[in-house]
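model-v1.tsv (TSV, N, CA and C atoms)
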chain	number	residue	atom	x	y	z
A	1	MET	N	-0.02	-7.46	13.71
A	1	MET	CA	0.05	-6.01	13.85
A	1	MET	C	-1.17	-5.39	13.18
A	2	SER	N	-1.74	-4.41	13.82
A	2	SER	CA	-2.91	-3.76	13.25
A	2	SER	C	-2.50	-2.79	12.15
A	3	ASN	N	-3.47	-2.29	11.43
A	3	ASN	CA	-3.20	-1.35	10.34
A	3	ASN	C	-2.66	-0.06	10.95
A	4	ALA	N	-1.42	0.24	10.67
A	4	ALA	CA	-0.74	1.37	11.30
A	4	ALA	C	-1.22	2.71	10.76
A	5	THR	N	-1.94	2.71	9.65
A	5	THR	CA	-2.34	3.98	9.06
A	5	THR	C	-3.69	4.46	9.56
A	6	THR	N	-4.32	3.74	10.47
A	6	THR	CA	-5.65	4.13	10.92
A	6	THR	C	-5.65	5.46	11.66
A	7	GLY	N	-4.50	5.88	12.18
A	7	GLY	CA	-4.44	7.13	12.92
A	7	GLY	C	-4.40	8.37	12.03
A	8	LEU	N	-4.17	8.19	10.75
A	8	LEU	CA	-4.13	9.33	9.84
A	8	LEU	C	-5.46	9.44	9.12
A	9	ASP	N	-6.05	10.63	9.15
A	9	ASP	CA	-7.33	10.80	8.47
A	9	ASP	C	-7.10	10.97	6.97
A	10	ALA	N	-8.17	10.89	6.22
A	10	ALA	CA	-8.09	10.93	4.76
A	10	ALA	C	-7.48	12.24	4.26
A	11	ALA	N	-7.78	13.34	4.93
A	11	ALA	CA	-7.24	14.64	4.50
A	11	ALA	C	-5.73	14.67	4.69
A	12	ARG	N	-5.25	14.12	5.78
A	12	ARG	CA	-3.79	14.11	6.02
A	12	ARG	C	-3.10	13.18	5.03
A	13	LYS	N	-3.71	12.03	4.75
A	13	LYS	CA	-3.14	11.12	3.76
A	13	LYS	C	-3.06	11.81	2.40
A	14	GLN	N	-4.09	12.55	2.05
A	14	GLN	CA	-4.11	13.25	0.77
A	14	GLN	C	-3.01	14.30	0.72
A	15	GLU	N	-2.81	15.01	1.80
A	15	GLU	CA	-1.76	16.03	1.87
A	15	GLU	C	-0.38	15.39	1.69
A	16	ILE	N	-0.17	14.26	2.34
A	16	ILE	CA	1.10	13.53	2.22
A	16	ILE	C	1.29	13.07	0.78
A	17	LYS	N	0.23	12.52	0.19
A	17	LYS	CA	0.30	12.04	-1.19
A	17	LYS	C	0.64	13.19	-2.14
A	18	GLU	N	0.07	14.36	-1.92
A	18	GLU	CA	0.35	15.52	-2.77
A	18	GLU	C	1.82	15.91	-2.69
A	19	VAL	N	2.39	15.89	-1.49
A	19	VAL	CA	3.81	16.22	-1.31
A	19	VAL	C	4.67	15.21	-2.08
A	20	VAL	N	4.39	13.94	-1.90
A	20	VAL	CA	5.16	12.89	-2.57
A	20	VAL	C	5.07	13.03	-4.09
A	21	CYS	N	3.87	13.20	-4.60
A	21	CYS	CA	3.68	13.30	-6.05
A	21	CYS	C	4.35	14.55	-6.61
A	22	ASP	N	4.32	15.63	-5.87
A	22	ASP	CA	4.96	16.86	-6.31
A	22	ASP	C	6.47	16.66	-6.46
A	23	ILE	N	7.07	16.02	-5.48
A	23	ILE	CA	8.52	15.80	-5.52
A	23	ILE	C	8.89	14.78	-6.60
A	24	LEU	N	8.07	13.74	-6.76
A	24	LEU	CA	8.36	12.73	-7.78
A	24	LEU	C	7.96	13.20	-9.18
A	25	GLU	N	7.28	14.34	-9.24
A	25	GLU	CA	6.81	14.91	-10.51
A	25	GLU	C	5.93	13.92	-11.27
A	26	ILE	N	4.97	13.36	-10.54
A	26	ILE	CA	4.00	12.45	-11.16
A	26	ILE	C	2.60	12.88	-10.77
A	27	ASP	N	1.63	12.47	-11.58
A	27	ASP	CA	0.23	12.75	-11.28
A	27	ASP	C	-0.22	11.85	-10.15
A	28	GLU	N	-1.15	12.37	-9.34
A	28	GLU	CA	-1.63	11.59	-8.20
A	28	GLU	C	-2.27	10.27	-8.61
A	29	ASP	N	-2.87	10.23	-9.81
A	29	ASP	CA	-3.50	8.98	-10.23
A	29	ASP	C	-2.49	7.93	-10.68
A	30	GLU	N	-1.20	8.30	-10.75
A	30	GLU	CA	-0.15	7.35	-11.13
A	30	GLU	C	0.38	6.57	-9.94
A	31	VAL	N	0.13	7.06	-8.74
A	31	VAL	CA	0.68	6.41	-7.55
A	31	VAL	C	-0.45	5.77	-6.74
A	32	THR	N	-0.19	4.55	-6.27
A	32	THR	CA	-1.13	3.88	-5.37
A	32	THR	C	-0.47	3.80	-4.00
A	33	GLU	N	-1.20	3.32	-3.02
A	33	GLU	CA	-0.63	3.23	-1.68
A	33	GLU	C	0.54	2.25	-1.63
A	34	VAL	N	0.58	1.30	-2.57
A	34	VAL	CA	1.61	0.27	-2.53
A	34	VAL	C	2.59	0.33	-3.70
A	35	SER	N	2.40	1.27	-4.65
A	35	SER	CA	3.38	1.37	-5.74
A	35	SER	C	4.69	1.88	-5.15
A	36	LEU	N	5.79	1.31	-5.63
A	36	LEU	CA	7.10	1.61	-5.07
A	36	LEU	C	7.71	2.84	-5.72
A	37	PHE	N	8.15	3.78	-4.90
A	37	PHE	CA	8.69	5.03	-5.42
A	37	PHE	C	9.87	4.79	-6.35
A	38	LYS	N	10.80	3.94	-5.93
A	38	LYS	CA	12.02	3.73	-6.72
A	38	LYS	C	11.72	2.88	-7.96
A	39	GLU	N	11.12	1.72	-7.76
A	39	GLU	CA	10.91	0.78	-8.86
A	39	GLU	C	9.82	1.23	-9.84
A	40	ASP	N	8.73	1.76	-9.31
A	40	ASP	CA	7.60	2.12	-10.16
A	40	ASP	C	7.62	3.56	-10.65
A	41	HIS	N	8.31	4.42	-9.92
A	41	HIS	CA	8.25	5.86	-10.24
A	41	HIS	C	9.63	6.50	-10.42
A	42	ASP	N	10.66	5.67	-10.54
A	42	ASP	CA	12.02	6.15	-10.84
A	42	ASP	C	12.57	7.17	-9.84
A	43	ALA	N	12.20	7.04	-8.59
A	43	ALA	CA	12.73	7.95	-7.57
A	43	ALA	C	14.14	7.50	-7.19
A	44	ASP	N	15.04	8.46	-7.06
A	44	ASP	CA	16.38	8.13	-6.60
A	44	ASP	C	16.52	8.52	-5.13
A	45	SER	N	17.71	8.29	-4.58
A	45	SER	CA	17.90	8.55	-3.15
A	45	SER	C	17.76	10.04	-2.83
A	46	LEU	N	18.13	10.91	-3.76
A	46	LEU	CA	17.97	12.34	-3.52
A	46	LEU	C	16.49	12.69	-3.40
A	47	ARG	N	15.66	12.12	-4.25
A	47	ARG	CA	14.21	12.37	-4.16
A	47	ARG	C	13.67	11.87	-2.83
A	48	ALA	N	14.15	10.72	-2.38
A	48	ALA	CA	13.69	10.17	-1.10
A	48	ALA	C	14.00	11.14	0.03
A	49	ILE	N	15.19	11.73	0.00
A	49	ILE	CA	15.57	12.69	1.04
A	49	ILE	C	14.71	13.96	0.91
A	50	GLU	N	14.42	14.37	-0.32
A	50	GLU	CA	13.54	15.53	-0.52
A	50	GLU	C	12.15	15.26	0.06
A	51	ILE	N	11.64	14.05	-0.16
A	51	ILE	CA	10.33	13.67	0.38
A	51	ILE	C	10.36	13.74	1.90
A	52	LEU	N	11.40	13.17	2.50
A	52	LEU	CA	11.52	13.18	3.95
A	52	LEU	C	11.54	14.61	4.48
A	53	ALA	N	12.34	15.46	3.87
A	53	ALA	CA	12.46	16.86	4.33
A	53	ALA	C	11.14	17.61	4.17
A	54	ALA	N	10.48	17.41	3.04
A	54	ALA	CA	9.21	18.09	2.79
A	54	ALA	C	8.14	17.62	3.77
A	55	LEU	N	8.13	16.33	4.07
A	55	LEU	CA	7.14	15.82	5.02
A	55	LEU	C	7.42	16.31	6.44
A	56	GLU	N	8.68	16.46	6.79
A	56	GLU	CA	8.99	17.03	8.10
A	56	GLU	C	8.42	18.44	8.20
A	57	ARG	N	8.57	19.22	7.13
A	57	ARG	CA	8.05	20.59	7.12
A	57	ARG	C	6.52	20.62	7.14
A	58	THR	N	5.90	19.86	6.26
A	58	THR	CA	4.44	19.96	6.11
A	58	THR	C	3.68	19.24	7.22
A	59	GLN	N	4.26	18.19	7.77
A	59	GLN	CA	3.57	17.41	8.80
A	59	GLN	C	4.05	17.75	10.21
A	60	HIS	N	5.02	18.64	10.31
A	60	HIS	CA	5.53	19.10	11.61
A	60	HIS	C	6.00	17.93	12.48
A	61	VAL	N	6.83	17.06	11.87
A	61	VAL	CA	7.40	15.92	12.57
A	61	VAL	C	8.89	15.87	12.29
A	62	THR	N	9.59	15.09	13.09
A	62	THR	CA	11.00	14.82	12.86
A	62	THR	C	11.14	13.36	12.47
A	63	ILE	N	11.80	13.11	11.34
A	63	ILE	CA	11.95	11.76	10.82
A	63	ILE	C	13.43	11.46	10.69
A	64	ASP	N	13.87	10.39	11.34
A	64	ASP	CA	15.26	9.98	11.25
A	64	ASP	C	15.53	9.44	9.84
A	65	GLN	N	16.69	9.75	9.27
A	65	GLN	CA	17.00	9.28	7.92
A	65	GLN	C	17.02	7.77	7.83
A	66	ALA	N	17.19	7.08	8.95
A	66	ALA	CA	17.15	5.62	8.94
A	66	ALA	C	15.77	5.11	8.51
A	67	GLU	N	14.75	5.94	8.67
A	67	GLU	CA	13.39	5.56	8.30
A	67	GLU	C	13.19	5.53	6.78
A	68	LEU	N	14.13	6.09	6.03
A	68	LEU	CA	14.00	6.09	4.56
A	68	LEU	C	13.82	4.68	4.01
A	69	SER	N	14.44	3.70	4.65
A	69	SER	CA	14.33	2.33	4.17
A	69	SER	C	12.91	1.79	4.26
A	70	ARG	N	12.08	2.39	5.11
A	70	ARG	CA	10.68	1.98	5.24
A	70	ARG	C	9.76	2.82	4.36
A	71	MET	N	10.27	3.96	3.88
A	71	MET	CA	9.43	4.90	3.13
A	71	MET	C	9.50	4.61	1.63
A	72	VAL	N	9.16	3.37	1.26
A	72	VAL	CA	9.28	2.93	-0.13
A	72	VAL	C	8.01	3.14	-0.93
A	73	ASN	N	6.89	3.34	-0.21
A	73	ASN	CA	5.60	3.59	-0.85
A	73	ASN	C	4.74	4.39	0.12
A	74	LEU	N	3.53	4.74	-0.29
A	74	LEU	CA	2.69	5.58	0.57
A	74	LEU	C	2.36	4.91	1.89
A	75	VAL	N	2.11	3.61	1.88
A	75	VAL	CA	1.80	2.91	3.14
A	75	VAL	C	2.96	3.08	4.12
A	76	GLY	N	4.19	2.91	3.63
A	76	GLY	CA	5.35	3.08	4.48
A	76	GLY	C	5.47	4.50	5.00
A	77	VAL	N	5.22	5.47	4.12
A	77	VAL	CA	5.29	6.88	4.52
A	77	VAL	C	4.23	7.17	5.58
A	78	TYR	N	3.00	6.71	5.36
A	78	TYR	CA	1.94	6.94	6.34
A	78	TYR	C	2.34	6.38	7.70
A	79	THR	N	2.90	5.18	7.71
A	79	THR	CA	3.31	4.53	8.97
A	79	THR	C	4.39	5.34	9.69
A	80	VAL	N	5.40	5.77	8.93
A	80	VAL	CA	6.50	6.55	9.52
A	80	VAL	C	5.97	7.88	10.06
A	81	ILE	N	5.10	8.53	9.30
A	81	ILE	CA	4.53	9.83	9.74
A	81	ILE	C	3.71	9.63	11.01
A	82	GLU	N	2.89	8.58	11.03
A	82	GLU	CA	2.07	8.36	12.23
A	82	GLU	C	2.94	8.09	13.44
A	83	GLU	N	3.97	7.27	13.29
A	83	GLU	CA	4.86	6.98	14.41
A	83	GLU	C	5.60	8.24	14.87
A	84	ALA	N	6.05	9.06	13.92
A	84	ALA	CA	6.73	10.30	14.27
A	84	ALA	C	5.78	11.26	14.99
A	85	SER	N	4.53	11.29	14.55
A	85	SER	CA	3.54	12.15	15.20
A	85	SER	C	3.26	11.69	16.63
A	86	ALA	N	3.22	10.38	16.82
A	86	ALA	CA	2.95	9.83	18.14
A	86	ALA	C	4.08	10.15	19.12
A	87	ARG	N	5.30	10.22	18.60
A	87	ARG	CA	6.45	10.55	19.45
A	87	ARG	C	6.46	12.03	19.82
A	88	GLY	N	5.72	12.81	19.04
A	88	GLY	CA	5.67	14.24	19.34
A	88	GLY	C	6.81	14.91	18.72

Rewrite the coordinates I just gave you, this time as structure tokens.
Amino acid sequence: MSNATTGLDAARKQEIKEVVCDILEIDEDEVTEVSLFKEDHDADSLRAIEILAALERTQHVTIDQAELSRMVNLVGVYTVIEEASARG
């Protein structure tokens, strides 16, 4: 499988990262593309739902709650956002 995040430009990735960090109440330099929200940043399921809802608003996409299981880090979030954007 190719890198699924290639469809998102750097500005959009940064915007997504800002939303995630704001909800997790962490500094952007504390999160990497592969650091795990739950294990590394103490995110609970409520925070995960907040992230999903905020990304739907800011990225103008619809994300099924079943996708939460893939949204464990920024790479997962980027992939889900790109797929949701492709579906329109």

Non-local contacts of His60 in chain A (8 Å; all atoms listed in the file; under 6 positions in same chain excluded) as a count of residues only: 4

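Among the candidates A:Asp40, A:Ile81, A:Ile26, A:Lys13, the residue lying nearest to Leu55 in chain A is A:Ile81 (atoms considered: only N, CA and C atoms).
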
From the options A:Asp29, A:Thr58, A:Leu24, A:Thr79, which residue's atoms come nearest to Ala43 in chain A, counting only N, CA and C atoms? A:Leu24

From a backbone DSSP assignment, name each residue in range 7-79 of chain A labelled helix (DSSP H, G or I), as JSON, numbers by chain. {"A": [7, 10, 11, 12, 13, 14, 15, 16, 17, 18, 19, 20, 21, 22, 23, 24, 28, 29, 30, 37, 38, 39, 40, 41, 45, 46, 47, 48, 49, 50, 51, 52, 53, 54, 55, 56, 57, 58, 59, 65, 66, 67, 68, 69, 70, 74, 75, 76, 77, 78, 79]}

Within 10 Å of Gln65 in chain A using only C-alpha atoms, minus same-chain residues under 4 positions, as a list of chain:residue names: A:Ala48, A:Ile49, A:Leu52, A:Ala53, A:Ser69, A:Met71
